$ cat protein16.cif   # mmCIF, C-alpha atoms and all ligand atoms
data_upload
#
loop_
_atom_site.label_atom_id
_atom_site.label_comp_id
_atom_site.auth_asym_id
_atom_site.auth_seq_id
_atom_site.Cartn_x
_atom_site.Cartn_y
_atom_site.Cartn_z
CA MET A 229 102.42 70.31 125.40
CA LYS A 230 102.18 72.39 122.24
CA ILE A 231 102.01 70.61 118.88
CA ALA A 232 102.64 72.40 115.58
CA ARG A 233 102.23 71.35 111.97
CA TYR A 234 104.76 73.07 109.76
CA LEU A 235 106.48 73.36 106.43
CA TYR A 236 110.27 73.12 106.44
CA GLU A 237 112.49 72.61 103.41
CA GLY A 238 109.50 71.58 101.30
CA GLU A 239 108.22 68.94 103.74
CA ILE A 240 105.20 69.00 106.03
CA SER A 241 105.88 67.68 109.55
CA PHE A 242 104.45 67.72 113.05
CA GLY A 243 106.55 68.76 116.01
CA ILE A 244 106.51 69.54 119.73
CA ILE A 245 107.40 73.11 120.72
CA ASP A 246 110.41 73.09 123.06
CA ARG A 247 113.13 75.38 124.38
CA SER A 248 116.54 74.96 122.80
CA GLU A 249 119.22 73.38 124.98
CA SER A 250 120.77 76.80 125.65
CA GLY A 251 117.30 78.06 126.62
CA ASP A 252 117.47 81.19 124.48
CA SER A 253 115.36 80.10 121.51
CA VAL A 254 112.37 77.96 120.62
CA GLU A 255 112.60 74.81 118.54
CA LEU A 256 110.37 72.12 117.10
CA VAL A 257 111.09 68.51 118.01
CA GLU A 258 110.07 66.60 114.90
CA LEU A 259 107.60 63.72 115.25
CA HIS A 260 107.13 60.57 113.16
CA GLY A 261 103.83 61.51 111.52
CA ASP A 262 100.59 62.93 112.90
CA PRO A 263 100.52 62.57 116.70
CA ILE A 264 96.74 62.08 116.69
CA VAL A 265 97.28 58.72 114.98
CA ALA A 266 101.00 58.01 115.45
CA GLY A 267 101.69 59.22 119.01
CA TYR A 268 104.74 61.12 120.17
CA ASP A 269 107.69 59.20 118.69
CA THR A 270 110.36 61.76 117.86
CA THR A 271 112.77 61.52 114.93
CA GLY A 272 115.57 63.23 116.85
CA ARG A 273 115.64 66.19 114.49
CA ARG A 274 115.19 69.71 115.95
CA VAL A 275 114.33 72.73 113.82
CA PRO A 276 114.31 76.41 114.90
CA LEU A 277 110.73 77.70 115.14
CA GLY A 278 111.78 80.79 113.23
CA ALA A 279 112.86 78.69 110.23
CA VAL A 280 109.48 77.08 109.52
CA LYS A 281 106.12 78.16 108.17
CA LEU A 282 103.43 77.15 110.64
CA LEU A 283 100.40 75.51 109.00
CA ALA A 284 96.91 74.86 110.32
CA PRO A 285 97.75 72.43 113.17
CA VAL A 286 95.11 70.03 111.92
CA ILE A 287 93.17 69.50 108.70
CA PRO A 288 89.80 68.23 109.90
CA ARG A 289 89.35 64.64 108.72
CA SER A 290 85.67 65.06 107.88
CA LYS A 291 84.15 68.22 109.32
CA VAL A 292 84.30 71.35 111.42
CA VAL A 293 81.38 71.35 113.84
CA CYS A 294 80.45 74.78 115.18
CA VAL A 295 78.33 75.94 118.11
CA GLY A 296 76.31 79.14 117.74
CA LYS A 297 75.03 81.40 120.53
CA ASN A 298 77.18 80.05 123.34
CA TYR A 299 78.01 83.27 125.23
CA ALA A 300 75.14 85.31 126.71
CA ASP A 301 76.64 88.66 125.63
CA HIS A 302 76.95 87.42 122.02
CA VAL A 303 73.36 86.12 122.03
CA ALA A 304 72.30 89.64 123.09
CA GLU A 305 74.28 91.43 120.37
CA MET A 306 72.86 89.10 117.66
CA ARG A 307 69.22 89.42 118.73
CA ASP A 308 68.45 91.99 116.00
CA VAL A 309 70.85 90.47 113.42
CA THR A 310 70.18 86.74 113.13
CA GLY A 311 67.59 86.67 115.93
CA GLY A 312 66.85 84.10 118.57
CA GLU A 313 67.82 83.34 122.12
CA ALA A 314 70.30 80.99 123.74
CA THR A 315 69.11 77.47 123.06
CA PRO A 316 68.54 74.83 125.76
CA GLU A 317 70.83 72.48 123.81
CA PRO A 318 73.91 73.56 121.76
CA LEU A 319 72.97 75.00 118.35
CA LEU A 320 75.16 73.14 115.82
CA PHE A 321 76.19 73.91 112.28
CA LEU A 322 79.04 72.75 110.01
CA LYS A 323 81.84 74.38 108.04
CA PRO A 324 83.51 72.39 105.24
CA ASN A 325 87.13 71.39 105.85
CA THR A 326 88.03 73.33 102.67
CA SER A 327 87.46 76.54 104.69
CA VAL A 328 90.48 75.82 106.90
CA ILE A 329 93.63 77.95 106.64
CA GLY A 330 96.63 78.34 108.92
CA PRO A 331 98.36 81.10 110.88
CA GLU A 332 99.42 84.15 108.81
CA ASP A 333 97.35 82.92 105.83
CA GLU A 334 95.01 85.39 104.14
CA ILE A 335 91.28 85.49 104.78
CA VAL A 336 89.76 86.24 101.37
CA ARG A 337 86.53 88.26 101.39
CA PRO A 338 84.34 86.84 98.60
CA ALA A 339 83.15 89.32 95.97
CA VAL A 340 79.52 88.37 96.69
CA SER A 341 79.65 89.70 100.29
CA ASP A 342 79.83 93.27 101.62
CA ARG A 343 79.95 92.24 105.26
CA VAL A 344 82.59 89.73 106.32
CA GLU A 345 82.99 89.46 110.10
CA HIS A 346 85.35 87.82 112.61
CA GLU A 347 84.24 85.46 115.37
CA GLY A 348 87.21 84.52 117.55
CA GLU A 349 86.53 81.20 119.27
CA LEU A 350 88.11 78.36 121.24
CA ALA A 351 88.33 75.17 119.15
CA LEU A 352 88.84 71.61 120.27
CA VAL A 353 90.41 68.85 118.22
CA ILE A 354 88.98 65.34 118.42
CA GLY A 355 91.53 62.58 119.09
CA ALA A 356 89.49 59.36 118.88
CA VAL A 357 86.31 58.11 117.22
CA ALA A 358 83.42 59.40 119.31
CA LYS A 359 79.79 58.31 118.96
CA ASP A 360 77.12 58.75 121.63
CA VAL A 361 79.69 59.53 124.31
CA SER A 362 78.52 60.69 127.73
CA GLU A 363 79.38 64.13 129.11
CA GLU A 364 81.37 62.37 131.81
CA ASP A 365 83.61 60.66 129.21
CA ALA A 366 83.53 63.35 126.50
CA LEU A 367 86.84 65.08 127.20
CA LYS A 368 88.71 61.76 126.90
CA TYR A 369 88.00 62.00 123.16
CA VAL A 370 89.63 65.44 122.85
CA PHE A 371 93.23 65.55 121.64
CA GLY A 372 93.76 69.24 122.37
CA PHE A 373 92.72 72.83 121.86
CA THR A 374 93.51 75.65 119.46
CA CYS A 375 92.36 79.14 118.46
CA ALA A 376 89.84 79.56 115.65
CA ASN A 377 88.14 82.30 113.71
CA ASP A 378 84.62 81.46 112.56
CA VAL A 379 84.75 84.00 109.72
CA THR A 380 81.23 84.79 108.55
CA ALA A 381 79.71 86.59 105.56
CA ARG A 382 76.94 88.08 107.72
CA ASP A 383 74.91 89.48 104.82
CA ILE A 384 74.81 86.05 103.15
CA GLN A 385 74.06 84.27 106.42
CA ILE A 386 71.03 86.56 106.86
CA ALA A 387 69.91 86.48 103.20
CA ASP A 388 70.12 82.67 102.87
CA GLY A 389 68.16 82.06 106.07
CA GLN A 390 70.62 79.29 106.97
CA TRP A 391 74.31 79.35 107.56
CA THR A 392 76.10 76.96 105.22
CA ARG A 393 77.24 79.39 102.53
CA GLY A 394 77.77 82.41 104.79
CA LYS A 395 80.05 80.41 107.09
CA GLY A 396 81.61 78.06 104.56
CA PHE A 397 83.61 80.07 102.05
CA ASP A 398 87.22 79.09 101.40
CA THR A 399 89.57 80.69 104.01
CA PHE A 400 86.69 81.18 106.51
CA CYS A 401 88.16 78.87 109.19
CA PRO A 402 91.63 79.97 110.31
CA LEU A 403 93.06 77.55 112.93
CA GLY A 404 96.23 77.68 115.03
CA PRO A 405 98.92 78.56 115.78
CA VAL A 406 99.37 75.25 117.66
CA ILE A 407 97.37 72.59 119.47
CA GLU A 408 97.82 72.74 123.25
CA THR A 409 97.06 69.30 124.63
CA ASP A 410 96.47 70.32 128.23
CA PRO A 411 95.53 73.99 128.74
CA ASP A 412 93.80 75.22 131.88
CA LEU A 413 90.42 76.23 130.47
CA THR A 414 88.54 76.73 133.72
CA ASP A 415 88.65 80.53 133.23
CA ALA A 416 90.95 81.23 130.26
CA ARG A 417 90.74 84.65 128.59
CA LEU A 418 89.88 84.82 124.90
CA VAL A 419 90.49 88.10 123.10
CA THR A 420 90.10 89.05 119.44
CA ARG A 421 91.93 92.12 118.11
CA VAL A 422 91.65 93.85 114.74
CA ASN A 423 94.67 96.00 113.86
CA GLY A 424 95.66 95.82 117.54
CA GLU A 425 92.28 97.06 118.86
CA VAL A 426 90.35 94.72 121.15
CA ARG A 427 87.00 93.74 119.60
CA GLN A 428 85.94 90.59 121.49
CA GLU A 429 86.82 89.60 125.01
CA GLY A 430 85.49 86.71 127.05
CA ARG A 431 86.44 83.90 129.38
CA THR A 432 85.90 80.18 128.94
CA SER A 433 84.04 80.17 132.27
CA GLN A 434 81.27 82.12 130.48
CA LEU A 435 80.46 79.36 127.96
CA ILE A 436 76.74 78.55 128.21
CA HIS A 437 77.23 74.93 127.12
CA SER A 438 80.35 73.29 128.54
CA LEU A 439 83.05 71.67 126.41
CA ALA A 440 82.00 68.22 127.64
CA LYS A 441 78.35 68.94 126.84
CA ILE A 442 79.26 70.12 123.31
CA VAL A 443 81.31 66.99 122.50
CA SER A 444 78.69 64.66 123.95
CA TYR A 445 75.82 66.42 122.19
CA ALA A 446 77.60 66.63 118.81
CA SER A 447 78.53 62.92 119.05
CA GLN A 448 74.84 62.05 119.33
CA ALA A 449 74.32 63.54 115.85
CA PHE A 450 77.60 62.89 114.05
CA THR A 451 80.34 60.30 114.48
CA LEU A 452 83.32 62.47 115.40
CA LEU A 453 86.54 61.31 113.77
CA PRO A 454 90.13 61.90 114.93
CA GLY A 455 91.15 65.26 113.51
CA ASP A 456 87.63 66.69 113.41
CA VAL A 457 87.41 70.15 114.96
CA ILE A 458 84.68 71.74 117.07
CA LEU A 459 84.37 75.54 117.40
CA THR A 460 82.71 76.50 120.66
CA GLY A 461 81.19 79.92 119.92
CA PRO A 462 82.28 83.57 120.18
CA PRO A 463 82.03 86.09 123.01
CA ALA A 464 80.44 89.45 122.10
CA GLY A 465 82.15 91.97 119.88
CA VAL A 466 82.00 90.23 116.50
CA GLY A 467 82.45 92.75 113.71
CA ARG A 468 83.61 93.72 110.27
CA LEU A 469 86.84 92.83 108.55
CA GLU A 470 88.14 95.08 105.76
CA ALA A 471 90.89 94.51 103.21
CA GLY A 472 94.30 95.05 104.77
CA ASP A 473 93.13 94.30 108.33
CA THR A 474 95.10 92.04 110.64
CA VAL A 475 92.93 89.92 112.95
CA GLU A 476 94.28 88.08 116.00
CA VAL A 477 92.56 85.52 118.22
CA GLU A 478 94.48 84.98 121.47
CA ILE A 479 93.61 82.43 124.15
CA ASP A 480 95.47 82.10 127.45
CA GLY A 481 97.77 79.10 127.46
CA ILE A 482 97.33 78.33 123.76
CA GLY A 483 98.71 81.26 121.74
CA THR A 484 97.76 83.86 119.16
CA LEU A 485 96.26 83.07 115.75
CA ARG A 486 97.02 85.93 113.34
CA ASN A 487 95.66 86.40 109.82
CA THR A 488 95.50 89.19 107.30
CA VAL A 489 92.43 90.08 105.25
CA ARG A 490 92.20 90.51 101.48
MG MG M 1 80.75 81.29 115.47
#

$ encode --input "protein16.cif" --output "structure tokens"
Amino acid sequence: MKIARYLYEGEISFGIIDRSESGDSVELVELHGDPIVAGYDTTGRRVPLGAVKLLAPVIPRSKVVCVGKNYADHVAEMRDVTGGEATPEPLLFLKPNTSVIGPEDEIVRPAVSDRVEHEGELALVIGAVAKDVSEEDALKYVFGFTCANDVTARDIQIADGQWTRGKGFDTFCPLGPVIETDPDLTDARLVTRVNGEVRQEGRTSQLIHSLAKIVSYASQAFTLLPGDVILTGPPAGVGRLEAGDTVEVEIDGIGTLRNTVR
């Protein structure tokens, strides 16, 4: 099931993506409130997908947790940039929830950076309070999955020696276009394109630390709240974004997150 958050006639709503009765168009079945807290009660209203503006499908309640160095080919390409090797446990950092934007929104390159880069990643959305959960139980706390771009001011990340500012600028966490509650992620393809050209390509089967491991490990450090988001790391091919670029992160079974760059 695909869940969208959208703006229609001045109101923000959540809805389930569905075929129209005739089968020739796509509609949103409006929900009573946020399904993470309110479930799937529908209002009965249906709106054409083409008539709405899709928004970030979730605004993280408290934080965006990110995993660094989680694909071997990306670890290799970063060896001479930020250094280091794959870590025996997931390497965690945070982005503020003020960095989140939605599909088609603009990524704004800050004036203080000359090197803003894309990192297309799979993101998971937490659905229930999670603290010290086991790997075995971890995925029960996940509401669904979406596409993310861990936009990074690489020059600032390197200069600061830690990652908060370089990863945390406003607009540096595009999410969307929807949350898929039950994708097949055993070997899903993730591809990032800039102006139509493939830059990053990987498969979820190549993740060094599994989704269950990441949720369990993060929950040992932070209480994860419903609506918190976890980015799971990029496959190799991260690279520069310039003004006027269009960047797309596509994941099998979820959709394509598209943003322009200013
Ligand atoms: Mg990243």

$ atom_distance --input "protein16.cif" --atom1 "atom CA of Asp342 of chain A" --atom2 "atom CA of Arg382 of chain A"
8.5 Å

$ residues_around --input "protein16.cif" --residues "Ile436 of chain A" --least-positions-apart "5" --cutoff "8 Å" --atoms "all atoms listed in the file" --output "short mmCIF file (atom, residue, chain, number, x, y, z; two decimals) with C-alpha atoms, in the coordinates of the input"
data_model
loop_
_atom_site.label_atom_id
_atom_site.label_comp_id
_atom_site.auth_asym_id
_atom_site.auth_seq_id
_atom_site.Cartn_x
_atom_site.Cartn_y
_atom_site.Cartn_z
CA ASN A 298 77.18 80.05 123.34
CA TYR A 299 78.01 83.27 125.23
CA ALA A 300 75.14 85.31 126.71
#

$ residues_near_ligand --input "protein16.cif" --ligand "ligand MG 1 (chain M)" --cutoff "9 Å" --atoms "only C-alpha atoms and all ligand atoms" --output "tab-separated table (two decimals) with C-alpha atoms, in the coordinates of the input"
chain	number	residue	atom	x	y	z
A	294	CYS	CA	80.45	74.78	115.18
A	295	VAL	CA	78.33	75.94	118.11
A	296	GLY	CA	76.31	79.14	117.74
A	297	LYS	CA	75.03	81.40	120.53
A	298	ASN	CA	77.18	80.05	123.34
A	346	HIS	CA	85.35	87.82	112.61
A	347	GLU	CA	84.24	85.46	115.37
A	348	GLY	CA	87.21	84.52	117.55
A	349	GLU	CA	86.53	81.20	119.27
A	377	ASN	CA	88.14	82.30	113.71
A	378	ASP	CA	84.62	81.46	112.56
A	379	VAL	CA	84.75	84.00	109.72
A	380	THR	CA	81.23	84.79	108.55
A	395	LYS	CA	80.05	80.41	107.09
A	459	LEU	CA	84.37	75.54	117.40
A	460	THR	CA	82.71	76.50	120.66
A	461	GLY	CA	81.19	79.92	119.92
A	462	PRO	CA	82.28	83.57	120.18

$ closest_residue --input "protein16.cif" --among "A:Asp333, A:Asp480, A:Glu425, A:Asp412" --to "Asp398 of chain A" --atoms "only C-alpha atoms"
A:Asp333

$ residues_near_point --input "protein16.cif" --point "(85.0, 74.4, 121.0)" --cutoff "9 Å" --atoms "all atoms listed in the file" --output "list in words"
Val293, Cys294, Val295, Glu349, Leu350, Ala351, Leu352, Val353, Phe373, Thr374, Ala376, Ser438, Leu439, Ile442, Val443, Val457, Ile458, Leu459, Thr460 and Gly461 of chain A

$ closest_atom_pairs --input "protein16.cif" --of "segment 373-478 of chain A" --to "segment 241-264 of chain A" --cutoff "9 Å" --atoms "all atoms listed in the file" --output "CSV"
residue,atom,partner,partner_atom,distance
A:Val406,CA,A:Ile245,CA,8.9
A:Pro454,CA,A:Ile264,CA,6.8
A:Gly455,CA,A:Ile264,CA,7.2

$ atom_distance --input "protein16.cif" --atom1 "atom CA of Pro411 of chain A" --atom2 "atom CA of Gly372 of chain A"
8.1 Å

$ atom_distance --input "protein16.cif" --atom1 "atom CA of Tyr234 of chain A" --atom2 "atom CA of Ala471 of chain A"
26.4 Å

$ closest_residue --input "protein16.cif" --among "A:Arg273, A:Arg417, A:Lys230, A:Lys359" --to "Gly404 of chain A" --atoms "all atoms listed in the file"
A:Lys230

$ closest_residue --input "protein16.cif" --among "A:Asp473, A:Pro331, A:Gly396, A:Gln448" --to "Ala366 of chain A" --atoms "all atoms listed in the file"
A:Gln448

$ residues_around --input "protein16.cif" --residues "Ser447 of chain A" --least-positions-apart "3" --cutoff "7 Å" --atoms "all atoms listed in the file" --output "list in words"
Ala358, Lys359, Asp360, Val361, Val443, Ser444, Phe450, Thr451 and Leu452 of chain A

$ closest_residue --input "protein16.cif" --among "A:Ile407, A:Lys291, A:Phe371, A:Leu235" --to "Gly278 of chain A" --atoms "only C-alpha atoms"
A:Leu235

$ closest_residue --input "protein16.cif" --among "A:Ser362, A:Val489, A:Val477, A:Leu418" --to "Leu435 of chain A" --atoms "all atoms listed in the file"
A:Leu418

$ residues_around --input "protein16.cif" --residues "Leu403 of chain A" --least-positions-apart "5" --cutoff "6 Å" --atoms "all atoms listed in the file" --output "PyMOL selection string"
chain A and resi 284+330+375-376

$ residues_around --input "protein16.cif" --residues "Glu334 of chain A" --least-positions-apart "2" --cutoff "8 Å" --atoms "all atoms listed in the file" --output "PDB file with C-alpha atoms, in the frame of the given file"
ATOM      1  CA  ILE A 329      93.630  77.950 106.640  1.00  0.00           C
ATOM      2  CA  GLU A 332      99.420  84.150 108.810  1.00  0.00           C
ATOM      3  CA  VAL A 336      89.760  86.240 101.370  1.00  0.00           C
ATOM      4  CA  THR A 399      89.570  80.690 104.010  1.00  0.00           C
ATOM      5  CA  ASN A 487      95.660  86.400 109.820  1.00  0.00           C
ATOM      6  CA  THR A 488      95.500  89.190 107.300  1.00  0.00           C
ATOM      7  CA  VAL A 489      92.430  90.080 105.250  1.00  0.00           C
ATOM      8  CA  ARG A 490      92.200  90.510 101.480  1.00  0.00           C
TER       9      ARG A 490
END

$ closest_residue --input "protein16.cif" --among "A:Arg427, A:Gly389, A:Ser433, A:Ile354" --to "Thr409 of chain A" --atoms "all atoms listed in the file"
A:Ile354

$ axis_aligned_box --input "protein16.cif" --around "segment 371-374 of chain A" --padding-each-side "3 Å" --output "AutoDock Vina command-line options"
--center_x 93.2 --center_y 70.6 --center_z 120.9 --size_x 7.0 --size_y 16.1 --size_z 8.9
